[in-house]
Each structure stands twice: as C-alpha cells, then as structure tokens.
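**Student:** This is the structure I have questions about; it appears just below.
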Amino acid sequence: MKNKIDIKSRLHNLIINRETDYANNIYKNPVKEYIDPKRDCKEKDVLFKNAPVCIGIASEIPNKGDWFTLELIDTPILVVRKNIKEISAYLNICTHRGAKIALNKGKKAHSFKCPYHSWIYNLEGKLIGRPRDNAFNTIEKNECNLKELNIHNHNGFLWLTLNKKSNKKYNNNIKNLNLMLKNYNLNNYYFYKSKKININMNWKLATDTFLELYHINSLHDETLSPIIMSDTALFDSFGSNIRIIGPRISALNSKKLFKTDKEFKTHTIQIITLFPNTVLVIHPEHVEVWHILPGNKENESEVTLSLFSKEEAKTKSAKKHWDNNFNLAINVVQEEDFPLGEDIQKGFYADPNRDLIFGKNEPGLQHFHKKINQALKQG
Ligand code: FES
Ligand SMILES: [Fe+2]
C-alpha cells in the first residue's frame, strides 16, 4: 500500500508527524551469525562466489587502458576498460606460472606485463609477448590468454558473476535495480578519490552501520546531527536491495517542501544497499560508494569509500569542496561508527548466546539479515 503513495508525500508526512517507517515486528538477530567461522565460510560461498557482487563503478576507469584490481574473497580480479564502451574482467593470474599480472590500479595501460618472466597481455587479455617463445612452441600463444570473467555494466555499476548460477541471479535482480536506480546513472559521474580501510568487524556488522538513521542524534551528535534528521526515514525494499531516504535538517526550513524532484534531492539523503555488500550514500551533488568485503576471518573486513561527483573537480576550490565532503564521510565512519562497531564485535565473543534486537524503527537492518538468511537457505 505505502508504495502506491508518492515518496515525496510519504516523507513529508513523516517529517510533519516526527515519525519513521516501521517494520511489523521487532527482530532478534543471533550474535552467533557475526562470529561463527562456519557461517562466515558459507556466506562467502553463497553470497560472494555464487551470487552477483557489485565490485566497482565504471567511471572510476573512464579512459581506454584504465584498470583496477581486487580480491573477491580468494579470487584475484583485474578490471580493464578496453575502449569507451567496454569494460572487461579477467582472472588476475598469469597463465605461465600464476603470478598476479597487475597490482593496485593504474591509468591508460597499453598492455600488462607479468613481473615474474615478462609475459605480456593486451587489454583484450590476449597473450602478445613471451620471452624465448621457442621454449613454449608446442603451446600456441592463444591457448595462454587470461581467463575472462563475466562483468555487467548496469548504469555504471559493475557487477561480477563468476558462474551461471550467479548470472541467473543477476538477471533476476535487474528489474529491481532498474526500479531502484532509475535516477542514478553513475556513468555520468566523475570519480574523485577513494580510501580503503581494514577493520576488525564482521562484514555484516560493518554494513549494519549504514542501515538505520536511529543513531544519528546519539552517536553523531556533533557531526551528522546538524545535517540529517535522526530516526526519521522512509524504508523500501527492491528484492534483497534496500533504499532508505532521510530528510536533511534543511528540509525543516523549506517552505515548498518536496514540491519538485529537485527539492526532494536537495533536502534528502538516500542510502541504497546493492545486496549484499555495496552501499550508496546519495547526496544532492555527489555519491559515496562504500564497498564492504569480508576479510580472512569472520571478525575482519575491508571497506573502501569512493566519492563520485556530478561535476569534474577541475579547480582548487572544487577540490577543496570534494575533499571536505570526502573527509566528513570517512572521518565520521572511521572515528565514530567503526571504533564503536569494533567494540561491539569484541563483545560478541564475551556473550555469544544472545541476540541483537532490531527495533520496528530499524526495518533496513531487519530486511538485510532476513535476506541473507533466505539466500543461505536457498544455497
Ligand atoms: S608467471 Fe607470469 S611470466 Fe611467468
Ligand atoms: Fe553512523
């Protein structure tokens, strides 16, 4: 029923009544789910190896030959822009003896040379150079190309599907993505900068950070509380994906509250979770993209923040502006959310047989964990 009412009117009503969207019931989430190594292995297998994962944003590699690498659980991946339109992903494993052919990221490469014995691959992943070629003359070069992986560019979001099962799940999710992201094509944004941090928290606990606005006035009383309204938010789900929209404080002073789409964007913050591990925080002029990956152990994860702006940062003042936005985002999370989260993770081991309680006013958290459990059951 609520989905039939325009989101502008829904949010307007929440603000007027100082209310928030509710789940039907409270939800108890066992602490064990954050600390059980067996469960961690299963999540990695089901949610990351056998399901589509958003691994990056196309506009981070805007020019031919731009590339980045990542480890998706234990799979090393190289993502390369082959030309204006096409991006490819390869196993970042040399076909000679298995060294990684690229580390970190870079710009405008013409080819990739393996550091071990200098085999060279072009942007298409084809082997084009092999020192002392005659020593390998019974194996054709074209039998030694990099292994290509399936990558899909949906509105600038790069989704990797490592197998058929995962491909099918991706296709089933497209309708949800279209509906949820119809106003957000990240191909039209400019990459500004990114930062990777390693934390001692389960990947789900790190993601939980972004799934409710109930804690704004309490934990972020000096940083975000003057900007965003606490515990007032729309909640909608699109399959397993989640959209939370909260009003900015500026909305309280706006006379023509949410009359137009522009007004709505100016006075809100939208938090979109691309299930399972990518969170977009959408501001009027820029988007924060948070990628959260499980670490080696169940209490470790790797979090990367990347900022994408609507306008390219060409001037000093533009750079200062985006630096301020980037620093606010990373500092709040790194200095306020994650230290508290790391303490929560430690506390899990002290009393592992209890539950966390997700209130009716935390529907995003409830949906996220229900969908994870559903996915694990389906395998
Ligand atoms: S392992 Fe790459 S060239 Fe030998
Ligand atoms: Fe927070």
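The chains in the structure tokens are called A, B, ... from first to last as shown; in each chain the residues are counted from 1, and the ligands are counted from 1 in the order shown.
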Write out as a ChimeraX atom specification each polymer residue (protein, DNA or RNA) that has an atom no more than 8 Å from ligand 2, with only C-alpha atoms and all ligand atoms counted.
**Tutor:** /A:209-210,213,215-216,219-220,332-333,336-337
**Student:** Using only C-alpha atoms and all ligand atoms, what does the table of chain A residues within 6 Å of ligand 1 look like, with each row giving the shortest atom pair and its distance in Å to one decimal, sorted by chain and ascending number, as a Markdown table?
**Tutor:**
```
| residue | atom | partner | partner_atom_place_in_ligand_line | distance |
| --- | --- | --- | --- | --- |
| A:Cys94 | CA | ligand 1 | 2 (Fe) | 4.6 |
| A:His96 | CA | ligand 1 | 1 (S) | 4.7 |
| A:Arg97 | CA | ligand 1 | 1 (S) | 3.8 |
| A:Gly98 | CA | ligand 1 | 1 (S) | 4.9 |
| A:Ala99 | CA | ligand 1 | 1 (S) | 4.5 |
| A:Cys114 | CA | ligand 1 | 2 (Fe) | 4.6 |
| A:Tyr116 | CA | ligand 1 | 4 (Fe) | 4.8 |
| A:His117 | CA | ligand 1 | 3 (S) | 3.7 |
| A:Ser118 | CA | ligand 1 | 3 (S) | 4.8 |
| A:Trp119 | CA | ligand 1 | 3 (S) | 4.3 |
```
**Student:** If you run DSSP on the backbone, which residues of stretch 100-168 of chain A are strand (DSSP E), as a list in words?
**Tutor:**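 Of stretch 100-168 of chain A, the ones in strand (DSSP E) are Lys105, Gly106, Ser111, Phe112, Lys113, Ile120, Tyr121, Asn122, Leu127, Ile128, Gly129, Glu148, Leu149, Asn150, Ile151, His152, Asn153, His154, Phe157, Leu158, Trp159, Leu160 and Thr161 of chain A.
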**Student:** For a test of reading the model, state the distance in Å between atom CA of A:Ile245 and atom CA of A:Glu222, rounded to one decimal.
**Tutor:**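 One can read the atom CA of A:Ile245 to atom CA of A:Glu222 distance as 20.9 Å.
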**Student:** Can you check which residues of stretch 149-225 of chain A DSSP gives as helix (DSSP H, G or I) on the backbone and send them as a PyMOL selection string?
**Tutor:** chain A and resi 164-180+186-188+203-208+216-219
**Student:** How about saving the chosen residues, C-alpha atoms kept, as a PDB file, in the first residue's frame?
**Tutor:**
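out36.pdb written:
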```
ATOM      1  CA  LYS A 164      25.973 -19.498 -14.349  1.00  0.00           C
ATOM      2  CA  LYS A 165      24.099 -19.597 -11.061  1.00  0.00           C
ATOM      3  CA  SER A 166      25.285 -16.138 -10.250  1.00  0.00           C
ATOM      4  CA  ASN A 167      24.447 -14.916 -13.761  1.00  0.00           C
ATOM      5  CA  LYS A 168      20.880 -16.111 -13.347  1.00  0.00           C
ATOM      6  CA  LYS A 169      20.567 -14.314 -10.020  1.00  0.00           C
ATOM      7  CA  TYR A 170      21.909 -11.142 -11.663  1.00  0.00           C
ATOM      8  CA  ASN A 171      19.288 -11.337 -14.423  1.00  0.00           C
ATOM      9  CA  ASN A 172      16.570 -11.844 -11.822  1.00  0.00           C
ATOM     10  CA  ASN A 173      17.754  -8.716  -9.994  1.00  0.00           C
ATOM     11  CA  ILE A 174      17.804  -6.350 -12.995  1.00  0.00           C
ATOM     12  CA  LYS A 175      14.157  -5.338 -12.641  1.00  0.00           C
ATOM     13  CA  ASN A 176      14.791  -4.335  -9.010  1.00  0.00           C
ATOM     14  CA  LEU A 177      17.918  -2.418  -9.944  1.00  0.00           C
ATOM     15  CA  ASN A 178      16.121  -0.558 -12.744  1.00  0.00           C
ATOM     16  CA  LEU A 179      13.345   0.470 -10.417  1.00  0.00           C
ATOM     17  CA  MET A 180      15.611   1.476  -7.557  1.00  0.00           C
ATOM     18  CA  LEU A 186      26.946   6.564 -12.279  1.00  0.00           C
ATOM     19  CA  ASN A 187      28.371   6.560 -15.812  1.00  0.00           C
ATOM     20  CA  ASN A 188      27.616  10.287 -15.712  1.00  0.00           C
ATOM     21  CA  TRP A 203      31.316  -7.600   7.139  1.00  0.00           C
ATOM     22  CA  LYS A 204      27.624  -7.649   8.090  1.00  0.00           C
ATOM     23  CA  LEU A 205      28.237  -5.546  11.182  1.00  0.00           C
ATOM     24  CA  ALA A 206      30.139  -3.051   9.011  1.00  0.00           C
ATOM     25  CA  THR A 207      27.154  -2.935   6.643  1.00  0.00           C
ATOM     26  CA  ASP A 208      24.686  -2.569   9.548  1.00  0.00           C
ATOM     27  CA  ILE A 216      22.267   9.936  14.185  1.00  0.00           C
ATOM     28  CA  ASN A 217      21.447  12.172  17.174  1.00  0.00           C
ATOM     29  CA  SER A 218      23.176   9.898  19.650  1.00  0.00           C
ATOM     30  CA  LEU A 219      26.450   8.683  18.110  1.00  0.00           C
TER      31      LEU A 219
END
```
**Student:** May I have a table of the residues of stretch 327-374 of chain A lying at most 8 Å from stretch 28-37 of chain A, giving each one's closest pair of atoms and their distance in Å to one decimal, counting only C-alpha atoms, ordered by chain and ascending residue number, as CSV?
**Tutor:**
```
residue,atom,partner,partner_atom,distance
A:Gln345,CA,A:Tyr34,CA,7.8
A:Phe348,CA,A:Val31,CA,6.2
A:Tyr349,CA,A:Ile35,CA,7.4
A:Pro352,CA,A:Val31,CA,5.7
A:Asn353,CA,A:Val31,CA,6.6
A:Arg354,CA,A:Val31,CA,5.9
A:Asp355,CA,A:Pro30,CA,4.2
A:Leu356,CA,A:Asn29,CA,5.0
A:Ile357,CA,A:Lys28,CA,4.8
A:Phe358,CA,A:Lys28,CA,6.2
A:His369,CA,A:Asn29,CA,7.8
```
**Student:** Could you write those residues out with N, CA and C atoms, as a JSON list (two decimals), in the first residue's frame?
**Tutor:**
```json
[["chain", "number", "residue", "atom", "x", "y", "z"],
["A", 345, "GLN", "N", 31.91, -5.95, 18.18],
["A", 345, "GLN", "CA", 32.40, -7.26, 17.71],
["A", 345, "GLN", "C", 33.13, -8.00, 18.84],
["A", 348, "PHE", "N", 30.79, -9.51, 21.28],
["A", 348, "PHE", "CA", 30.09, -10.72, 20.80],
["A", 348, "PHE", "C", 30.69, -11.98, 21.41],
["A", 349, "TYR", "N", 32.03, -12.00, 21.51],
["A", 349, "TYR", "CA", 32.71, -13.21, 21.98],
["A", 349, "TYR", "C", 32.52, -13.39, 23.49],
["A", 352, "PRO", "N", 28.24, -14.97, 23.58],
["A", 352, "PRO", "CA", 27.85, -15.30, 22.20],
["A", 352, "PRO", "C", 26.43, -15.87, 22.05],
["A", 353, "ASN", "N", 25.78, -16.20, 23.17],
["A", 353, "ASN", "CA", 24.49, -16.88, 23.02],
["A", 353, "ASN", "C", 23.28, -15.95, 23.10],
["A", 354, "ARG", "N", 23.54, -14.69, 22.91],
["A", 354, "ARG", "CA", 22.39, -13.76, 22.99],
["A", 354, "ARG", "C", 22.01, -13.28, 21.59],
["A", 355, "ASP", "N", 20.99, -12.44, 21.57],
["A", 355, "ASP", "CA", 20.53, -11.87, 20.30],
["A", 355, "ASP", "C", 20.73, -10.36, 20.30],
["A", 356, "LEU", "N", 20.92, -9.80, 19.11],
["A", 356, "LEU", "CA", 20.79, -8.35, 18.97],
["A", 356, "LEU", "C", 19.32, -8.08, 18.71],
["A", 357, "ILE", "N", 18.87, -6.90, 19.11],
["A", 357, "ILE", "CA", 17.45, -6.57, 18.90],
["A", 357, "ILE", "C", 17.35, -5.46, 17.86],
["A", 358, "PHE", "N", 16.67, -5.76, 16.76],
["A", 358, "PHE", "CA", 16.42, -4.73, 15.75],
["A", 358, "PHE", "C", 14.98, -4.24, 15.95],
["A", 369, "HIS", "N", 19.20, -8.71, 7.09],
["A", 369, "HIS", "CA", 19.54, -10.00, 7.70],
["A", 369, "HIS", "C", 18.55, -11.10, 7.30]]
```
**Student:** Determine, counting only C-alpha atoms, which protein, DNA and RNA residues have an atom within 9 Å of an atom of A:Glu124; residues of the same chain fewer than 6 positions away are not included. Present the result as JSON, numbers by chain.
**Tutor:** {"A": [80, 82, 88, 111, 145, 146, 148]}
**Student:** Could you turn the residues from that selection into a file that holds N, CA and C atoms, as an mmCIF file, in the first residue's frame?
**Tutor:**
```cif
data_model
loop_
_atom_site.group_PDB
_atom_site.id
_atom_site.type_symbol
_atom_site.label_atom_id
_atom_site.label_comp_id
_atom_site.auth_asym_id
_atom_site.auth_seq_id
_atom_site.Cartn_x
_atom_site.Cartn_y
_atom_site.Cartn_z
ATOM 1 N N VAL A 80 39.467 -3.960 -16.536
ATOM 2 C CA VAL A 80 40.139 -3.083 -17.502
ATOM 3 C C VAL A 80 39.116 -2.441 -18.432
ATOM 4 N N LYS A 82 38.514 -1.516 -21.967
ATOM 5 C CA LYS A 82 39.118 -1.852 -23.270
ATOM 6 C C LYS A 82 38.942 -0.720 -24.278
ATOM 7 N N SER A 88 36.225 -5.038 -19.358
ATOM 8 C CA SER A 88 36.352 -6.492 -19.197
ATOM 9 C C SER A 88 36.945 -6.809 -17.836
ATOM 10 N N SER A 111 49.192 -2.429 -22.255
ATOM 11 C CA SER A 111 49.285 -3.878 -22.059
ATOM 12 C C SER A 111 49.672 -4.133 -20.602
ATOM 13 N N ASN A 145 45.808 -17.159 -23.114
ATOM 14 C CA ASN A 145 45.195 -15.867 -22.798
ATOM 15 C C ASN A 145 44.695 -15.859 -21.349
ATOM 16 N N LEU A 146 44.505 -14.645 -20.829
ATOM 17 C CA LEU A 146 43.950 -14.543 -19.477
ATOM 18 C C LEU A 146 42.535 -15.102 -19.470
ATOM 19 N N GLU A 148 38.839 -14.890 -18.986
ATOM 20 C CA GLU A 148 37.883 -13.775 -18.918
ATOM 21 C C GLU A 148 36.721 -14.125 -17.999
#
```
**Student:** Just the number, please: distance in Å from atom CA of A:Ile227 to atom CA of A:His12, one decimal.
**Tutor:** 17.2 Å
**Student:** For A:Lys113, please output as a ChimeraX atom specification all residues within 9 Å (counting only C-alpha atoms; exclusion window: fewer than 6 positions along the same chain).
**Tutor:** /A:101-102,119-122,129
**Student:** Would you export the selected residues with C-alpha atoms as a PDB file, in the first residue's frame, please?
**Tutor:**
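New file result-v1.pdb:
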```
ATOM      1  CA  ILE A 101      49.957  -9.627 -13.610  1.00  0.00           C
ATOM      2  CA  ALA A 102      48.785  -6.344 -12.053  1.00  0.00           C
ATOM      3  CA  TRP A 119      54.799 -12.466 -20.433  1.00  0.00           C
ATOM      4  CA  ILE A 120      52.716  -9.644 -21.908  1.00  0.00           C
ATOM      5  CA  TYR A 121      48.941  -9.450 -22.321  1.00  0.00           C
ATOM      6  CA  ASN A 122      46.931  -6.819 -24.215  1.00  0.00           C
ATOM      7  CA  GLY A 129      54.579 -11.451 -25.861  1.00  0.00           C
TER       8      GLY A 129
END
```
**Student:** With a distance cut-off of 10 Å and only C-alpha atoms, select the neighbouring residues of stretch 48-52 of chain A, excluding the residue or stretch itself and same-chain residues fewer than 4 positions from it, and output the selection as a PyMOL selection string.
**Tutor:** chain A and resi 42-44+72-75+150-152+158-171+173+275-277+293-294+375+379
**Student:** At what distance in Å, to one decimal, does atom CA of A:Tyr184 lie from atom CA of A:Phe157?
**Tutor:**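 We find that atom CA of A:Phe157 and atom CA of A:Tyr184 lie 10.0 Å from each other.
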**Student:** Identify, on the basis of only C-alpha atoms, every residue whose closest approach to A:Ala251 does not exceed 10 Å; exclude the query and any residue fewer than 2 positions from it along the same chain; express the result as a ChimeraX atom specification.
**Tutor:** /A:12,15,227-229,246-249,253-258,263-264,266-268
**Student:** Given the choices A:Asn104, A:Asp45, A:Pro363, A:Gly156, which gets closest to A:Ile87 if the distance is worked out from only C-alpha atoms?
**Tutor:** A:Gly156
**Student:** Extract, using only C-alpha atoms, all DNA, RNA and protein residues at most 9 Å from A:Glu362, discarding same-chain residues fewer than 2 positions from it, and format them as a ChimeraX atom specification.
**Tutor:** /A:21-23,26,211-214,231,235,358-360,364-367
**Student:** So, counting only C-alpha atoms, which residue among A:Lys147, A:Lys314, A:Lys108, A:Lys64 is closest to A:Leu78?
**Tutor:**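 Of the candidates, the smallest distance to A:Leu78 is held by A:Lys147.
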**Student:** Let me make sure I understand: among A:Ala350, A:Ile5, A:Leu11, A:Leu307, which one has the smallest atom-to-atom distance to A:Leu234 if we use only C-alpha atoms?
**Tutor:**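 Looking only at the distances to A:Leu234, the closest residue turns out to be A:Leu11.
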**Student:** May I ask which of the residues A:Ser237, A:Asn142, A:Thr223, A:Asn24 is the closest one to A:Asn331, counting only C-alpha atoms?
**Tutor:**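 Closest to A:Asn331, using only C-alpha atoms: A:Thr223.
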**Student:** Between A:Pro339, A:Arg132, A:Gly125, A:Tyr192, which is the closest to A:Lys320 once you count only C-alpha atoms?
**Tutor:** A:Tyr192
